[in-house]
Every structure is written in structure tokens, then in C-alpha cells.
>>> print(open('run_9.cif').read())   # mmCIF, C-alpha atoms
data_start
loop_
_atom_site.label_atom_id
_atom_site.label_comp_id
_atom_site.auth_asym_id
_atom_site.auth_seq_id
_atom_site.Cartn_x
_atom_site.Cartn_y
_atom_site.Cartn_z
CA MET A 14 158.25 22.90 101.24
CA LEU A 15 161.88 21.89 100.54
CA VAL A 16 161.31 18.25 101.57
CA SER A 17 159.04 16.25 99.28
CA SER A 18 158.91 12.77 100.85
CA ARG A 19 156.42 12.13 103.64
CA PRO A 20 158.82 10.21 105.95
CA ALA A 21 161.36 13.03 105.72
CA ARG A 22 158.69 15.62 106.59
CA ARG A 23 157.60 13.54 109.57
CA ALA A 24 161.20 13.25 110.73
CA LEU A 25 161.64 17.03 110.46
CA HIS A 26 158.41 17.62 112.38
CA ALA A 27 159.56 15.25 115.11
CA LEU A 28 162.94 17.00 115.26
CA PHE A 29 161.24 20.38 115.52
CA LEU A 30 159.04 19.20 118.39
CA ALA A 31 162.02 17.61 120.13
CA LEU A 32 163.87 20.93 120.01
CA PHE A 33 160.91 23.27 120.50
CA LEU A 34 159.28 21.68 123.52
CA PRO A 35 162.25 21.52 125.92
CA VAL A 36 163.89 24.76 124.78
CA PHE A 37 160.91 27.09 124.28
CA ALA A 38 157.58 25.64 125.37
CA LEU A 39 158.48 23.70 128.52
CA PRO A 40 160.02 26.62 130.47
CA LEU A 41 156.94 28.75 129.80
CA LEU A 42 154.62 25.91 130.81
CA VAL A 43 156.58 25.46 134.04
CA ILE A 44 156.18 29.17 134.81
CA VAL A 45 152.42 28.91 134.25
CA ALA A 46 152.24 25.82 136.48
CA ALA A 47 154.28 27.53 139.19
CA SER A 48 151.88 30.49 139.22
CA PHE A 49 149.11 28.10 140.38
CA ALA A 50 151.30 25.97 142.69
CA THR A 51 151.49 25.78 146.48
CA ASN A 52 154.86 24.01 146.73
CA TRP A 53 157.80 22.93 144.62
CA SER A 54 159.66 20.06 146.22
CA GLY A 55 160.15 17.83 143.17
CA ALA A 56 161.07 18.32 139.55
CA LEU A 57 157.86 20.24 138.86
CA PRO A 58 155.64 22.50 141.00
CA SER A 59 152.61 20.88 142.61
CA GLY A 60 149.38 21.87 144.31
CA ALA A 61 146.68 24.14 142.94
CA THR A 62 145.66 27.58 144.14
CA LEU A 63 144.55 30.97 142.85
CA ASP A 64 145.90 32.82 145.87
CA HIS A 65 148.89 34.22 143.98
CA TYR A 66 146.63 35.89 141.46
CA ARG A 67 144.28 37.13 144.17
CA ASP A 68 147.25 38.70 145.95
CA LEU A 69 148.31 40.40 142.73
CA ALA A 70 144.86 41.88 142.21
CA ARG A 71 144.88 43.34 145.75
CA GLY A 72 148.46 44.65 145.66
CA ASP A 73 150.32 47.20 143.58
CA SER A 74 150.83 44.81 140.66
CA PRO A 75 148.03 46.36 138.53
CA THR A 76 149.76 49.72 138.87
CA ALA A 77 153.08 48.14 137.86
CA LEU A 78 151.40 46.53 134.84
CA LEU A 79 149.91 49.86 133.79
CA THR A 80 153.33 51.46 134.24
CA SER A 81 154.88 48.84 131.93
CA LEU A 82 152.12 49.36 129.39
CA GLY A 83 152.54 53.13 129.44
CA THR A 84 156.32 52.87 129.15
CA ALA A 85 156.15 50.36 126.30
CA LEU A 86 153.53 52.32 124.36
CA ALA A 87 155.41 55.61 124.71
CA ALA A 88 158.77 54.04 123.84
CA SER A 89 157.30 52.14 120.87
CA LEU A 90 155.68 55.27 119.47
CA ALA A 91 158.87 57.30 119.89
CA ALA A 92 161.02 54.51 118.42
CA LEU A 93 158.68 54.01 115.46
CA THR A 94 158.60 57.74 114.72
CA THR A 95 162.38 58.15 115.01
CA GLY A 96 163.23 54.96 113.14
CA THR A 97 160.81 55.67 110.29
CA TRP A 98 161.97 59.27 109.96
CA ALA A 99 165.62 58.18 109.85
CA ALA A 100 164.92 55.39 107.34
CA LEU A 101 163.09 57.78 105.02
CA ALA A 102 165.80 60.40 105.31
CA ALA A 103 168.54 57.81 104.66
CA GLN A 104 167.13 57.18 101.18
CA ARG A 105 168.62 60.51 100.09
CA LEU A 106 172.05 59.71 101.50
CA GLY A 107 174.98 57.96 99.90
CA ARG A 108 175.96 54.39 100.67
CA ARG A 109 178.63 55.32 103.21
CA ALA A 110 176.36 57.76 105.00
CA ARG A 111 173.62 55.14 105.18
CA ARG A 112 176.02 52.62 106.66
CA LEU A 113 177.12 55.17 109.24
CA LEU A 114 173.50 55.91 110.16
CA ASP A 115 172.74 52.18 110.46
CA GLY A 116 175.75 51.77 112.72
CA LEU A 117 174.61 54.59 114.99
CA PHE A 118 171.19 53.00 115.45
CA LEU A 119 172.67 49.52 115.99
CA LEU A 120 175.27 50.75 118.50
CA PRO A 121 172.96 50.36 121.56
CA LEU A 122 172.48 46.71 120.59
CA ALA A 123 176.21 46.10 120.45
CA VAL A 124 176.64 46.84 124.17
CA PRO A 125 174.78 45.45 127.21
CA SER A 126 171.61 47.37 128.00
CA VAL A 127 173.00 48.17 131.44
CA VAL A 128 175.67 50.24 129.67
CA VAL A 129 172.94 52.21 127.92
CA GLY A 130 171.27 52.80 131.28
CA LEU A 131 174.52 54.00 132.82
CA ALA A 132 175.20 56.30 129.87
CA LEU A 133 171.79 57.94 130.19
CA LEU A 134 172.18 58.20 133.95
CA VAL A 135 175.47 60.05 133.57
CA ALA A 136 174.28 62.21 130.66
CA PHE A 137 171.03 63.41 132.20
CA SER A 138 171.87 63.75 135.89
CA ARG A 139 172.91 67.40 135.60
CA PRO A 140 171.38 70.54 134.12
CA PRO A 141 170.47 71.74 131.55
CA VAL A 142 168.65 68.42 130.89
CA LEU A 143 167.92 66.81 134.24
CA LEU A 144 165.96 63.58 133.83
CA ASN A 145 167.40 61.46 136.63
CA GLY A 146 164.63 60.24 138.93
CA THR A 147 161.84 60.85 136.41
CA PRO A 148 159.75 58.44 134.30
CA GLN A 149 160.99 60.20 131.18
CA ILE A 150 164.49 58.75 131.55
CA VAL A 151 163.05 55.21 131.67
CA ILE A 152 161.03 55.85 128.51
CA LEU A 153 164.12 57.35 126.86
CA ALA A 154 166.19 54.28 127.73
CA HIS A 155 163.58 51.95 126.26
CA THR A 156 163.37 54.11 123.15
CA VAL A 157 167.13 53.99 122.63
CA LEU A 158 167.14 50.21 123.02
CA VAL A 159 164.30 49.43 120.60
CA THR A 160 164.64 52.12 117.92
CA ALA A 161 167.17 50.01 116.01
CA PHE A 162 164.52 47.35 115.37
CA ALA A 163 162.06 49.90 114.02
CA HIS A 164 164.73 51.50 111.84
CA GLN A 165 165.90 48.20 110.38
CA SER A 166 162.35 47.00 109.73
CA VAL A 167 161.35 50.17 107.88
CA THR A 168 164.65 50.27 105.98
CA ALA A 169 164.08 46.72 104.73
CA ALA A 170 160.50 47.57 103.74
CA LEU A 171 161.66 50.64 101.82
CA ALA A 172 164.19 48.53 99.91
CA ARG A 173 161.35 46.22 98.79
CA LEU A 174 158.99 49.07 97.89
CA ASP A 175 158.28 49.46 94.18
CA PRO A 176 159.29 53.03 93.18
CA ALA A 177 156.70 53.01 90.41
CA TYR A 178 153.98 54.08 92.89
CA GLU A 179 155.86 57.20 93.91
CA GLN A 180 156.86 57.98 90.35
CA SER A 181 153.27 57.68 89.16
CA ALA A 182 151.99 59.97 91.89
CA ALA A 183 154.75 62.50 91.25
CA GLY A 184 154.10 62.34 87.51
CA LEU A 185 150.47 63.26 88.16
CA GLY A 186 151.61 66.40 89.97
CA ALA A 187 151.41 65.23 93.59
CA ARG A 188 153.59 67.15 96.02
CA PRO A 189 156.33 65.26 97.96
CA SER A 190 154.38 65.60 101.21
CA TYR A 191 151.28 64.12 99.55
CA VAL A 192 153.31 61.23 98.14
CA LEU A 193 154.76 60.55 101.59
CA TRP A 194 151.49 60.59 103.55
CA TRP A 195 149.12 59.07 100.99
CA VAL A 196 151.32 56.76 98.94
CA LYS A 197 154.50 55.69 100.72
CA LEU A 198 153.35 55.41 104.35
CA PRO A 199 150.18 53.41 103.52
CA LEU A 200 152.34 50.95 101.58
CA LEU A 201 154.65 50.71 104.58
CA LEU A 202 151.82 50.21 107.07
CA PRO A 203 152.22 46.40 107.45
CA SER A 204 155.94 46.84 108.21
CA LEU A 205 155.22 49.73 110.56
CA THR A 206 152.73 47.69 112.58
CA ALA A 207 155.15 44.75 112.73
CA ALA A 208 157.93 47.05 113.94
CA ALA A 209 155.61 48.59 116.53
CA GLY A 210 154.70 45.17 117.88
CA LEU A 211 158.34 44.11 118.14
CA CYS A 212 159.31 47.35 119.90
CA PHE A 213 156.41 46.97 122.32
CA ALA A 214 157.29 43.37 123.22
CA LEU A 215 160.96 44.20 123.79
CA SER A 216 160.10 47.22 125.91
CA MET A 217 157.65 45.25 128.06
CA GLY A 218 160.39 42.79 129.04
CA GLU A 219 163.33 45.18 129.41
CA LEU A 220 164.97 44.96 132.85
CA SER A 221 168.70 45.76 132.97
CA ALA A 222 168.61 49.45 132.02
CA THR A 223 165.31 49.90 133.86
CA MET A 224 166.84 48.68 137.12
CA MET A 225 169.39 51.50 136.98
CA LEU A 226 166.96 54.28 136.11
CA TYR A 227 163.45 53.74 137.46
CA PRO A 228 162.19 56.18 140.12
CA PRO A 229 160.35 54.84 143.20
CA ASP A 230 156.97 55.99 141.87
CA TRP A 231 157.46 54.42 138.42
CA LEU A 232 157.85 50.68 139.02
CA PRO A 233 157.50 48.56 135.84
CA LEU A 234 156.34 44.97 136.14
CA PRO A 235 159.70 43.32 135.18
CA VAL A 236 161.33 45.09 138.13
CA GLN A 237 158.60 43.79 140.42
CA ILE A 238 159.12 40.26 139.06
CA PHE A 239 162.84 40.51 139.79
CA ALA A 240 162.18 41.84 143.29
CA ALA A 241 159.71 39.03 144.06
CA THR A 242 162.05 36.26 142.93
CA ASP A 243 165.03 37.92 144.61
CA ARG A 244 163.32 37.69 147.99
CA GLY A 245 162.35 34.05 147.37
CA ALA A 246 158.68 34.55 146.39
CA LEU A 247 158.95 32.32 143.32
CA PHE A 248 155.24 31.60 142.98
CA THR A 249 154.36 35.29 143.18
CA GLY A 250 157.05 36.05 140.62
CA ALA A 251 155.64 33.34 138.34
CA ALA A 252 152.15 34.83 138.57
CA LEU A 253 153.57 38.26 137.72
CA ALA A 254 155.43 36.77 134.77
CA VAL A 255 152.25 35.12 133.48
CA ALA A 256 150.41 38.46 133.74
CA LEU A 257 153.23 40.14 131.81
CA MET A 258 153.25 37.45 129.11
CA ALA A 259 149.47 37.46 128.74
CA THR A 260 149.27 41.23 128.43
CA THR A 261 152.08 41.35 125.89
CA LEU A 262 150.49 38.54 123.88
CA LEU A 263 147.10 40.28 123.81
CA VAL A 264 148.65 43.50 122.53
CA LEU A 265 150.65 41.61 119.89
CA LEU A 266 147.50 39.82 118.73
CA ALA A 267 145.76 43.19 118.37
CA VAL A 268 148.72 44.52 116.37
CA SER A 269 148.65 41.39 114.21
CA ARG A 270 144.99 41.97 113.38
CA LEU A 271 145.77 45.57 112.42
CA ARG A 272 148.59 44.34 110.22
CA THR A 273 146.28 41.84 108.51
CA ARG A 274 143.72 44.55 107.81
CA ALA A 275 146.45 46.81 106.42
CA ARG A 276 147.57 44.09 104.03
CA HIS A 277 144.06 43.53 102.69
CA ARG A 278 143.39 47.19 101.96
#
>>> encode(input="run_9.cif", output="C-alpha cells")
Amino acid sequence: MLVSSRPARRALHALFLALFLPVFALPLLVIVAASFATNWSGALPSGATLDHYRDLARGDSPTALLTSLGTALAASLAALTTGTWAALAAQRLGRRARRLLDGLFLLPLAVPSVVVGLALLVAFSRPPVLLNGTPQIVILAHTVLVTAFAHQSVTAALARLDPAYEQSAAGLGARPSYVLWWVKLPLLLPSLTAAAGLCFALSMGELSATMMLYPPDWLPLPVQIFAATDRGALFTGAALAVALMATTLLVLLAVSRLRTRARHR
């Protein structure tokens, strides 16, 4: 849109492809190729087989995938609820208080996720709140790591929201709770669905904090991918990675359709 001449647009498109393909697309395509390969002796994997996917279907990988889905859904819901609640409450605060609240939510992003895992491990390994060795501590870690994205997304949406809708509803005698549930939240629905999708995708791929906290009976798929590649099973790890990417993409496409419907209401 900013470039009017056709040769310049073609040059920009060529530059984009030259940067996009080797940096973003090619690594993912190599992973997909490796998931169907039988050997990898050259620059690219070779051979063709479905054995890696058959082995996944017969093993404990479906359980690990369901564990990742359950963790991501629970963490996304908790993060969306907490982030939205905090963003709405911050509207009544002063500028300094809002900045402090933003800093508290962004703090987990300022440190490595393994630090967050260690902090939760230390904090919840003794009574009265004993979560060490339970699935709840993994969900809590994911929630802490992704809530900042939900909070920032809803905060930005609230800043763009026209206050005339709320003022009109309040002027007609609507109670604050009615304005919140039937005016403000429906207007925020596209941003809420976008934040939920982002939180879900980040939770599905989280590894560092999960490695420190997961119990033996709650094995998410990223941990299984790491374990497979660590023992040298690269093709199995590639097949697991493709399953993780495909599942995440399908959920994000479903969220995108919900967001599109919310916009057209």
C-alpha cells in the first residue's frame, strides 16, 4: 500500500520471499519431510514411510497430545479470565497504578520461563499449598506465562473502545453489571478470542517451565518431543512436532472463525 510502482512492489515481494522461505517456511518444511523420512545422510531427509506416524498412534503420544490440549485449554481460560478482569479493573486506577499493574503482569516475560518454573516449584512444595507433583502446578505455570498476553490484548482493546456505548446504556438506566455483560464484553469479543488463541498457542509449545514441574502421569507433548530427540529418535520427534503443529493450527483456525463471526455480529 505504501509503494505505488509495480517494479518496486515486485522487488518487495521478492525480498519478502527471500527472507520468509529460509527463515520461517524452510525449517518447518524440513520437519514435515523428516517425519516421513527413513534416513538423513545428506542435506535433506530422504526416503518415504508412514511408520513414524503409525508408531505414534500405537504409543502414548495420543495421551500426551490430550494432556497438552487439556493444559493449554485450562491455562488459556484462566489467563483470559485473569487478564480481562485485571484490564477492566485497571480502568478505574490512576496512571501510576496502571503502569505498576502492567509491570506485574509483564514480569514473567522479563525472566526465562525456567525461572518461573523454579519459583513455582519453591513456592508450592510445602504446605499449606502443596502443588508439587500435580498437574495443577503445570497449568499454573502456563497461566503465569501467558496471562500477560491476554492482559495486554484486552487493555489495548479497551483503549480503542468508544465510551459512547457504555454512556448510552448507563443513560438509559442500565446497571453496571448489565453494561459489562451485554455491552462491553460483546464489543471486546474479537479481542478476547484473539487473546485466547495466542495464549493457547504459546501454552501448547511451552517446554522450559514444564520440564521442571510435570509429574510422571502428566506428560505434555513438547516434553515427549524433547525426550525423543534427546535419545536420537529425530524422525519420531519430527512426527510428534508435526502432530503438535497440526493440532495447534486446527484450534487456531477454529478460534479465527469464531473471531470472524464475532466481528460480523
>>> closest_residue(input="run_9.cif", among="A:Ala154, A:Leu28, A:Val142, A:Ala187", to="A:Val129", atoms="all atoms listed in the file")
A:Ala154
>>> closest_atom_pairs(input="run_9.cif", of="stretch 43-153 of chain A", to="stretch 211-221 of chain A", cutoff="10 Å", atoms="only C-alpha atoms", output="Markdown table")
| residue | atom | partner | partner_atom | distance |
| --- | --- | --- | --- | --- |
| A:Leu78 | CA | A:Met217 | CA | 9.3 |
| A:Thr80 | CA | A:Met217 | CA | 9.8 |
| A:Ser81 | CA | A:Met217 | CA | 6.0 |
| A:Leu82 | CA | A:Met217 | CA | 7.0 |
| A:Gly83 | CA | A:Met217 | CA | 9.5 |
| A:Thr84 | CA | A:Ser216 | CA | 7.5 |
| A:Ala85 | CA | A:Ser216 | CA | 5.1 |
| A:Leu86 | CA | A:Phe213 | CA | 6.4 |
| A:Ala87 | CA | A:Phe213 | CA | 9.0 |
| A:Ala88 | CA | A:Ser216 | CA | 7.3 |
| A:Ser89 | CA | A:Cys212 | CA | 5.3 |
| A:Leu90 | CA | A:Cys212 | CA | 8.7 |
| A:Ala91 | CA | A:Cys212 | CA | 10.0 |
| A:Ala92 | CA | A:Cys212 | CA | 7.5 |
| A:Leu93 | CA | A:Cys212 | CA | 8.0 |
| A:Pro125 | CA | A:Ser221 | CA | 8.4 |
| A:Ser126 | CA | A:Ser221 | CA | 6.0 |
| A:Val127 | CA | A:Ser221 | CA | 5.2 |
| A:Val128 | CA | A:Ser221 | CA | 8.9 |
| A:Val129 | CA | A:Ser221 | CA | 9.2 |
| A:Gly130 | CA | A:Ser221 | CA | 7.7 |
| A:Ile152 | CA | A:Ser216 | CA | 9.1 |
>>> resolve_selection(input="run_9.cif", expression="the PyMOL selection byres ((chain A and resi 118) around 9)", output="NGL selection string")
:A and (96 or 113-117 or 119-122 or 157 or 160-162 or 164-165)
>>> closest_residue(input="run_9.cif", among="A:Ala207, A:His155, A:Ala100, A:Ala241", to="A:Leu266", atoms="only C-alpha atoms")
A:Ala207
>>> atom_distance(input="run_9.cif", atom1="atom CA of A:Leu193", atom2="atom CA of A:Leu271")
20.6 Å
>>> resolve_selection(input="run_9.cif", expression="the PyMOL selection byres ((chain A and resi 60) around 8)", output="list in words")
Phe49, Ala50, Thr51, Asn52, Pro58, Ser59, Ala61 and Thr62 of chain A
>>> closest_residue(input="run_9.cif", among="A:Ile44, A:Met224, A:Leu143, A:Leu200", to="A:Leu257", atoms="all atoms listed in the file")
A:Ile44
>>> residues_around(input="run_9.cif", residues="A:Val264", least_positions_apart="4", cutoff="9 Å", atoms="all atoms listed in the file", output="VMD selection string")
chain A and resid 210 213 to 214 259 to 260 268 to 269
